[in-house]
file model00.tsv (TSV, N, CA and C atoms)
chain	number	residue	atom	x	y	z
A	28	MET	N	48.49	-6.17	27.69
A	28	MET	CA	49.07	-5.40	26.62
A	28	MET	C	48.41	-5.77	25.30
A	29	SER	N	48.12	-7.06	25.10
A	29	SER	CA	47.54	-7.48	23.84
A	29	SER	C	46.15	-6.87	23.66
A	30	GLU	N	45.39	-6.71	24.76
A	30	GLU	CA	44.07	-6.08	24.66
A	30	GLU	C	44.18	-4.64	24.19
A	31	ALA	N	45.28	-3.98	24.54
A	31	ALA	CA	45.50	-2.59	24.14
A	31	ALA	C	46.15	-2.50	22.76
A	32	GLY	N	46.43	-3.65	22.14
A	32	GLY	CA	47.07	-3.65	20.83
A	32	GLY	C	48.55	-3.36	20.88
A	33	LEU	N	49.18	-3.57	22.03
A	33	LEU	CA	50.61	-3.31	22.19
A	33	LEU	C	51.40	-4.60	22.15
A	34	GLN	N	52.57	-4.54	21.59
A	34	GLN	CA	53.48	-5.68	21.56
A	34	GLN	C	54.57	-5.47	22.59
A	35	PRO	N	54.74	-6.41	23.54
A	35	PRO	CA	55.83	-6.24	24.51
A	35	PRO	C	57.19	-6.33	23.82
A	36	ARG	N	58.10	-5.48	24.23
A	36	ARG	CA	59.48	-5.54	23.75
A	36	ARG	C	60.34	-5.84	24.95
A	37	ALA	N	61.15	-6.83	24.82
A	37	ALA	CA	62.00	-7.23	25.95
A	37	ALA	C	63.45	-6.96	25.61
A	38	SER	N	64.18	-6.57	26.62
A	38	SER	CA	65.61	-6.42	26.49
A	38	SER	C	66.20	-7.14	27.69
A	39	LEU	N	66.88	-8.22	27.45
A	39	LEU	CA	67.41	-9.02	28.54
A	39	LEU	C	68.78	-8.52	28.94
A	40	ILE	N	68.82	-7.83	30.05
A	40	ILE	CA	70.07	-7.35	30.60
A	40	ILE	C	70.11	-7.84	32.04
A	41	HIS	N	70.94	-8.80	32.32
A	41	HIS	CA	71.01	-9.35	33.67
A	41	HIS	C	72.05	-8.58	34.46
A	42	ALA	N	71.62	-8.06	35.59
A	42	ALA	CA	72.54	-7.30	36.43
A	42	ALA	C	72.03	-7.30	37.85
A	43	GLU	N	72.93	-7.22	38.79
A	43	GLU	CA	72.54	-7.11	40.18
A	43	GLU	C	73.10	-5.85	40.82
A	44	GLU	N	73.90	-5.15	40.14
A	44	GLU	CA	74.53	-3.96	40.70
A	44	GLU	C	73.75	-2.71	40.30
A	45	ARG	N	73.65	-1.76	41.22
A	45	ARG	CA	72.94	-0.51	40.95
A	45	ARG	C	73.53	0.21	39.74
A	46	GLU	N	74.85	0.22	39.65
A	46	GLU	CA	75.50	0.94	38.56
A	46	GLU	C	75.19	0.30	37.21
A	47	VAL	N	75.14	-1.01	37.17
A	47	VAL	CA	74.82	-1.68	35.91
A	47	VAL	C	73.36	-1.41	35.55
A	48	GLY	N	72.47	-1.39	36.56
A	48	GLY	CA	71.07	-1.03	36.31
A	48	GLY	C	70.95	0.37	35.74
A	49	TYR	N	71.77	1.26	36.28
A	49	TYR	CA	71.80	2.64	35.80
A	49	TYR	C	72.27	2.69	34.33
A	50	LEU	N	73.40	2.06	34.06
A	50	LEU	CA	73.96	2.10	32.71
A	50	LEU	C	73.06	1.38	31.70
A	51	ALA	N	72.49	0.26	32.10
A	51	ALA	CA	71.60	-0.48	31.20
A	51	ALA	C	70.37	0.36	30.85
A	52	THR	N	69.84	1.06	31.83
A	52	THR	CA	68.67	1.90	31.58
A	52	THR	C	69.02	3.06	30.66
A	53	LYS	N	70.15	3.69	30.91
A	53	LYS	CA	70.58	4.78	30.02
A	53	LYS	C	70.72	4.26	28.58
A	54	SER	N	71.22	3.03	28.45
A	54	SER	CA	71.36	2.42	27.13
A	54	SER	C	70.00	2.19	26.47
A	55	LEU	N	69.03	1.74	27.25
A	55	LEU	CA	67.69	1.50	26.69
A	55	LEU	C	67.09	2.78	26.12
A	56	PHE	N	67.40	3.90	26.73
A	56	PHE	CA	66.81	5.16	26.29
A	56	PHE	C	67.55	5.80	25.11
A	57	THR	N	68.58	5.14	24.60
A	57	THR	CA	69.23	5.62	23.38
A	57	THR	C	68.56	5.04	22.15
A	58	GLN	N	67.70	4.06	22.34
A	58	GLN	CA	67.01	3.43	21.21
A	58	GLN	C	65.91	4.35	20.69
A	59	GLN	N	65.53	4.13	19.45
A	59	GLN	CA	64.51	4.97	18.83
A	59	GLN	C	63.18	4.89	19.58
A	60	GLU	N	62.76	3.66	19.94
A	60	GLU	CA	61.53	3.48	20.71
A	60	GLU	C	61.90	3.38	22.18
A	61	ARG	N	61.55	4.39	22.93
A	61	ARG	CA	61.90	4.40	24.35
A	61	ARG	C	60.93	3.52	25.13
A	62	PRO	N	61.42	2.84	26.15
A	62	PRO	CA	60.54	1.99	26.95
A	62	PRO	C	59.58	2.83	27.79
A	63	THR	N	58.41	2.27	28.05
A	63	THR	CA	57.45	2.90	28.95
A	63	THR	C	57.44	2.18	30.30
A	64	ALA	N	58.08	1.02	30.36
A	64	ALA	CA	58.15	0.26	31.60
A	64	ALA	C	59.45	-0.52	31.64
A	65	ILE	N	59.98	-0.67	32.86
A	65	ILE	CA	61.21	-1.44	33.05
A	65	ILE	C	60.97	-2.43	34.18
A	66	PHE	N	61.23	-3.70	33.91
A	66	PHE	CA	61.20	-4.71	34.96
A	66	PHE	C	62.63	-5.13	35.21
A	67	ALA	N	63.12	-4.86	36.41
A	67	ALA	CA	64.49	-5.20	36.78
A	67	ALA	C	64.48	-6.49	37.60
A	68	GLY	N	65.50	-7.30	37.45
A	68	GLY	CA	65.57	-8.59	38.12
A	68	GLY	C	65.74	-8.52	39.62
A	69	THR	N	66.21	-7.40	40.14
A	69	THR	CA	66.36	-7.22	41.59
A	69	THR	C	66.00	-5.78	41.94
A	70	ASP	N	65.74	-5.54	43.21
A	70	ASP	CA	65.46	-4.17	43.66
A	70	ASP	C	66.68	-3.27	43.49
A	71	GLY	N	67.87	-3.82	43.68
A	71	GLY	CA	69.09	-3.02	43.50
A	71	GLY	C	69.24	-2.54	42.07
A	72	THR	N	68.97	-3.40	41.12
A	72	THR	CA	69.04	-3.02	39.72
A	72	THR	C	67.96	-1.99	39.41
A	73	ALA	N	66.78	-2.17	40.00
A	73	ALA	CA	65.69	-1.22	39.80
A	73	ALA	C	66.05	0.14	40.37
A	74	GLU	N	66.77	0.16	41.49
A	74	GLU	CA	67.21	1.43	42.07
A	74	GLU	C	68.10	2.18	41.08
A	75	GLY	N	69.02	1.47	40.45
A	75	GLY	CA	69.87	2.09	39.43
A	75	GLY	C	69.05	2.58	38.25
A	76	ALA	N	68.05	1.80	37.85
A	76	ALA	CA	67.17	2.20	36.75
A	76	ALA	C	66.41	3.47	37.11
A	77	CYS	N	65.92	3.56	38.35
A	77	CYS	CA	65.19	4.76	38.79
A	77	CYS	C	66.08	5.99	38.74
A	78	ARG	N	67.31	5.84	39.16
A	78	ARG	CA	68.25	6.97	39.14
A	78	ARG	C	68.49	7.43	37.70
A	79	ALA	N	68.64	6.48	36.78
A	79	ALA	CA	68.85	6.83	35.37
A	79	ALA	C	67.62	7.54	34.80
A	80	VAL	N	66.45	7.04	35.13
A	80	VAL	CA	65.21	7.66	34.63
A	80	VAL	C	65.12	9.11	35.10
A	81	ARG	N	65.41	9.34	36.38
A	81	ARG	CA	65.38	10.71	36.91
A	81	ARG	C	66.45	11.58	36.24
A	82	ASP	N	67.65	11.03	36.03
A	82	ASP	CA	68.72	11.79	35.38
A	82	ASP	C	68.35	12.17	33.95
A	83	LEU	N	67.48	11.40	33.33
A	83	LEU	CA	67.02	11.70	31.97
A	83	LEU	C	65.89	12.73	31.97
A	84	GLY	N	65.52	13.19	33.16
A	84	GLY	CA	64.46	14.19	33.26
A	84	GLY	C	63.07	13.61	33.19
A	85	LEU	N	62.94	12.31	33.39
A	85	LEU	CA	61.64	11.66	33.34
A	85	LEU	C	61.14	11.39	34.75
A	86	ARG	N	59.83	11.17	34.86
A	86	ARG	CA	59.21	10.95	36.16
A	86	ARG	C	58.70	9.51	36.28
A	87	ILE	N	58.82	8.98	37.49
A	87	ILE	CA	58.30	7.66	37.82
A	87	ILE	C	57.09	7.89	38.72
A	88	PRO	N	55.96	7.37	38.45
A	88	PRO	CA	55.54	6.47	37.38
A	88	PRO	C	54.89	7.19	36.19
A	89	GLU	N	54.84	8.52	36.20
A	89	GLU	CA	54.12	9.24	35.15
A	89	GLU	C	54.68	8.96	33.75
A	90	ASP	N	56.01	8.95	33.60
A	90	ASP	CA	56.62	8.75	32.29
A	90	ASP	C	57.09	7.32	32.06
A	91	VAL	N	57.62	6.71	33.10
A	91	VAL	CA	58.16	5.35	33.00
A	91	VAL	C	57.80	4.59	34.28
A	92	SER	N	57.28	3.39	34.11
A	92	SER	CA	57.01	2.52	35.26
A	92	SER	C	58.25	1.67	35.51
A	93	VAL	N	58.59	1.47	36.79
A	93	VAL	CA	59.74	0.63	37.15
A	93	VAL	C	59.29	-0.37	38.19
A	94	CYS	N	59.65	-1.63	37.97
A	94	CYS	CA	59.31	-2.70	38.90
A	94	CYS	C	60.58	-3.50	39.20
A	95	GLY	N	60.76	-3.85	40.47
A	95	GLY	CA	61.89	-4.67	40.88
A	95	GLY	C	61.42	-6.03	41.34
A	96	ALA	N	62.34	-6.79	41.93
A	96	ALA	CA	62.00	-8.11	42.45
A	96	ALA	C	62.79	-8.35	43.73
A	97	ASN	N	62.23	-9.11	44.61
A	97	ASN	CA	62.80	-9.55	45.89
A	97	ASN	C	62.30	-8.74	47.07
A	98	ASP	N	61.76	-7.55	46.86
A	98	ASP	CA	61.24	-6.70	47.92
A	98	ASP	C	62.25	-6.50	49.04
A	99	THR	N	63.48	-6.16	48.66
A	99	THR	CA	64.52	-5.95	49.67
A	99	THR	C	64.78	-4.48	49.95
A	100	GLU	N	64.50	-3.61	48.98
A	100	GLU	CA	64.83	-2.19	49.15
A	100	GLU	C	63.69	-1.28	48.75
A	101	SER	N	62.53	-1.84	48.45
A	101	SER	CA	61.44	-1.04	47.89
A	101	SER	C	61.01	0.10	48.81
A	102	HIS	N	61.03	-0.13	50.10
A	102	HIS	CA	60.57	0.89	51.04
A	102	HIS	C	61.58	2.03	51.22
A	103	LEU	N	62.78	1.88	50.72
A	103	LEU	CA	63.81	2.91	50.86
A	103	LEU	C	63.78	3.94	49.74
A	104	LEU	N	63.13	3.63	48.64
A	104	LEU	CA	63.16	4.50	47.46
A	104	LEU	C	61.98	5.47	47.46
A	105	ARG	N	62.19	6.61	46.81
A	105	ARG	CA	61.13	7.60	46.64
A	105	ARG	C	60.99	7.94	45.18
A	106	PRO	N	59.86	7.75	44.54
A	106	PRO	CA	58.68	7.13	45.11
A	106	PRO	C	58.96	5.67	45.44
A	107	PRO	N	58.17	5.08	46.36
A	107	PRO	CA	58.40	3.67	46.70
A	107	PRO	C	58.35	2.79	45.46
A	108	LEU	N	59.23	1.83	45.41
A	108	LEU	CA	59.36	0.96	44.25
A	108	LEU	C	58.27	-0.11	44.24
A	109	THR	N	57.67	-0.32	43.08
A	109	THR	CA	56.82	-1.48	42.89
A	109	THR	C	57.74	-2.68	42.79
A	110	THR	N	57.46	-3.72	43.56
A	110	THR	CA	58.35	-4.87	43.57
A	110	THR	C	57.54	-6.15	43.73
A	111	ILE	N	58.16	-7.23	43.37
A	111	ILE	CA	57.54	-8.55	43.54
A	111	ILE	C	58.24	-9.24	44.68
A	112	ARG	N	57.48	-9.63	45.68
A	112	ARG	CA	58.06	-10.36	46.81
A	112	ARG	C	57.95	-11.85	46.49
A	113	CYS	N	59.08	-12.53	46.54
A	113	CYS	CA	59.15	-13.95	46.21
A	113	CYS	C	59.25	-14.77	47.50
A	114	PHE	N	58.61	-15.89	47.52
A	114	PHE	CA	58.68	-16.83	48.63
A	114	PHE	C	59.13	-18.18	48.09
A	115	PRO	N	60.41	-18.32	47.74
A	115	PRO	CA	60.86	-19.55	47.08
A	115	PRO	C	60.63	-20.81	47.91
A	116	GLU	N	60.74	-20.71	49.23
A	116	GLU	CA	60.54	-21.90	50.05
A	116	GLU	C	59.09	-22.36	49.99
A	117	GLU	N	58.17	-21.42	50.02
A	117	GLU	CA	56.76	-21.77	49.99
A	117	GLU	C	56.32	-22.25	48.62
A	118	ILE	N	56.94	-21.74	47.58
A	118	ILE	CA	56.59	-22.18	46.23
A	118	ILE	C	57.24	-23.53	45.93
A	119	GLY	N	58.50	-23.66	46.32
A	119	GLY	CA	59.24	-24.88	46.00
A	119	GLY	C	58.84	-26.08	46.83
A	120	GLY	N	58.41	-25.85	48.08
A	120	GLY	CA	58.05	-26.96	48.97
A	120	GLY	C	56.99	-27.87	48.39
A	121	PRO	N	55.84	-27.34	47.97
A	121	PRO	CA	54.81	-28.20	47.38
A	121	PRO	C	55.26	-28.90	46.10
A	122	VAL	N	56.07	-28.22	45.31
A	122	VAL	CA	56.57	-28.84	44.08
A	122	VAL	C	57.48	-30.01	44.42
A	123	LEU	N	58.37	-29.82	45.40
A	123	LEU	CA	59.25	-30.90	45.82
A	123	LEU	C	58.44	-32.06	46.39
A	124	ALA	N	57.45	-31.75	47.22
A	124	ALA	CA	56.61	-32.81	47.80
A	124	ALA	C	55.89	-33.58	46.71
A	125	ALA	N	55.37	-32.87	45.73
A	125	ALA	CA	54.65	-33.54	44.64
A	125	ALA	C	55.58	-34.43	43.84
A	126	THR	N	56.80	-33.97	43.61
A	126	THR	CA	57.75	-34.79	42.84
A	126	THR	C	58.18	-36.01	43.63
A	127	ARG	N	58.42	-35.83	44.91
A	127	ARG	CA	58.79	-36.97	45.75
A	127	ARG	C	57.69	-38.02	45.77
A	128	GLU	N	56.45	-37.57	45.74
A	128	GLU	CA	55.30	-38.48	45.78
A	128	GLU	C	55.06	-39.11	44.41
A	129	GLY	N	55.76	-38.65	43.41
A	129	GLY	CA	55.61	-39.21	42.08
A	129	GLY	C	54.54	-38.57	41.24
A	130	TYR	N	54.05	-37.40	41.66
A	130	TYR	CA	53.05	-36.71	40.87
A	130	TYR	C	53.73	-35.98	39.73
A	131	GLN	N	53.01	-35.85	38.67
A	131	GLN	CA	53.55	-35.13	37.52
A	131	GLN	C	53.27	-33.65	37.72
A	132	VAL	N	54.32	-32.89	38.00
A	132	VAL	CA	54.16	-31.46	38.19
A	132	VAL	C	53.66	-30.85	36.89
A	133	GLY	N	52.63	-30.04	37.01
A	133	GLY	CA	52.04	-29.42	35.82
A	133	GLY	C	50.96	-30.28	35.21
A	134	GLY	N	50.79	-31.49	35.71
A	134	GLY	CA	49.72	-32.36	35.23
A	134	GLY	C	48.36	-31.82	35.64
A	135	PRO	N	47.30	-32.46	35.20
A	135	PRO	CA	45.96	-31.92	35.42
A	135	PRO	C	45.57	-31.76	36.88
A	136	CYS	N	46.11	-32.56	37.78
A	136	CYS	CA	45.65	-32.51	39.17
A	136	CYS	C	46.75	-32.25	40.17
A	137	TRP	N	47.92	-31.89	39.73
A	137	TRP	CA	49.04	-31.81	40.67
A	137	TRP	C	48.80	-30.79	41.77
A	138	ALA	N	48.12	-29.68	41.45
A	138	ALA	CA	47.88	-28.66	42.47
A	138	ALA	C	46.96	-29.19	43.57
A	139	ASP	N	46.06	-30.10	43.22
A	139	ASP	CA	45.18	-30.69	44.23
A	139	ASP	C	45.92	-31.73	45.05
A	140	GLN	N	46.98	-32.29	44.51
A	140	GLN	CA	47.70	-33.36	45.19
A	140	GLN	C	48.76	-32.82	46.14
A	141	ALA	N	49.22	-31.62	45.94
A	141	ALA	CA	50.26	-31.03	46.79
A	141	ALA	C	49.66	-29.85	47.54
A	142	ARG	N	50.18	-29.59	48.71
A	142	ARG	CA	49.70	-28.44	49.48
A	142	ARG	C	50.14	-27.15	48.80
A	143	ARG	N	49.21	-26.23	48.71
A	143	ARG	CA	49.53	-24.93	48.12
A	143	ARG	C	50.12	-24.01	49.17
A	144	PRO	N	51.02	-23.10	48.75
A	144	PRO	CA	51.54	-22.14	49.72
A	144	PRO	C	50.43	-21.21	50.19
A	145	THR	N	50.54	-20.76	51.41
A	145	THR	CA	49.56	-19.84	51.98
A	145	THR	C	49.90	-18.43	51.54
A	146	ALA	N	48.92	-17.72	51.04
A	146	ALA	CA	49.14	-16.34	50.63
A	146	ALA	C	49.27	-15.47	51.88
A	147	ARG	N	50.20	-14.54	51.84
A	147	ARG	CA	50.39	-13.60	52.94
A	147	ARG	C	50.23	-12.19	52.39
A	148	PRO	N	49.69	-11.28	53.20
A	148	PRO	CA	49.58	-9.91	52.72
A	148	PRO	C	50.95	-9.29	52.52
A	149	LEU	N	51.06	-8.44	51.53
A	149	LEU	CA	52.32	-7.74	51.27
A	149	LEU	C	52.31	-6.43	52.04
A	150	LEU	N	53.16	-6.32	53.01
A	150	LEU	CA	53.27	-5.13	53.83
A	150	LEU	C	54.65	-4.53	53.68
A	151	PRO	N	54.77	-3.21	53.87
A	151	PRO	CA	56.11	-2.61	53.79
A	151	PRO	C	57.04	-3.22	54.84
A	152	GLY	N	58.28	-3.29	54.52
A	152	GLY	CA	59.27	-3.80	55.47
A	152	GLY	C	59.79	-5.15	55.05
A	153	PRO	N	60.66	-5.72	55.88
A	153	PRO	CA	61.27	-7.01	55.53
A	153	PRO	C	60.25	-8.13	55.55
A	154	PRO	N	60.50	-9.18	54.76
A	154	PRO	CA	59.57	-10.31	54.72
A	154	PRO	C	59.45	-10.97	56.11
A	155	ALA	N	58.24	-11.39	56.42
A	155	ALA	CA	58.02	-12.10	57.68
A	155	ALA	C	58.65	-13.47	57.62
A	156	ARG	N	59.23	-13.91	58.69
A	156	ARG	CA	59.87	-15.24	58.74
A	156	ARG	C	59.21	-16.09	59.76
call {"tool": "encode", "arguments": {"input": "model00.tsv", "output": "structure tokens"}}
result
Amino acid sequence: MSEAGLQPRASLIHAEEREVGYLATKSLFTQQERPTAIFAGTDGTAEGACRAVRDLGLRIPEDVSVCGANDTESHLLRPPLTTIRCFPEEIGGPVLAATREGYQVGGPCWADQARRPTARPLLPGPPAR
């Protein structure tokens, strides 16, 4: 965004319910500067945001981009939702191991001292276990 000369504007609305996502999004669009992108904390909240965007007569992704998190419902929405799939066990494991070993997390070499999580391809459907 900075390369394009744009300043990010954030509105912190924490919600996990579809209806709250819907109402929060409708509220965002009452402001003078309308958002061009919405990042919702969960896929459920993003689903509510998508419904609000459509009810406002706008199109996803042409008019507004919507992104969710957790990759729990992305494949059920039309258009399919952009989402972030989180692997907390794989991310937290190396950090815990490094701390137990006495390494300074975030220090210059901690990533070399702890095993890194293995990247997995993101495919539609439930996370692989």
call {"tool": "atom_distance", "arguments": {"input": "model00.tsv", "atom1": "atom N of Pro107 in chain A", "atom2": "atom N of Glu46 in chain A"}}
result
18.6 Å
call {"tool": "atom_distance", "arguments": {"input": "model00.tsv", "atom1": "atom N of Gln58 in chain A", "atom2": "atom N of His102 in chain A"}}
result
28.9 Å
call {"tool": "atom_distance", "arguments": {"input": "model00.tsv", "atom1": "atom N of Asp98 in chain A", "atom2": "CA of Asp70 in chain A"}}
result
5.9 Å
call {"tool": "closest_residue", "arguments": {"input": "model00.tsv", "among": "A:Asp82, A:Glu74, A:Glu30, A:Glu116", "to": "Gly95 in chain A", "atoms": "only N, CA and C atoms"}}
result
A:Glu74
call {"tool": "closest_residue", "arguments": {"input": "model00.tsv", "among": "A:Leu33, A:Val93, A:Ala124, A:Ala79", "to": "Ala64 in chain A", "atoms": "all atoms listed in the file"}}
result
A:Val93
call {"tool": "closest_residue", "arguments": {"input": "model00.tsv", "among": "A:Ala76, A:Ile118, A:Leu123, A:Ala31", "to": "Tyr49 in chain A", "atoms": "all atoms listed in the file"}}
result
A:Ala76
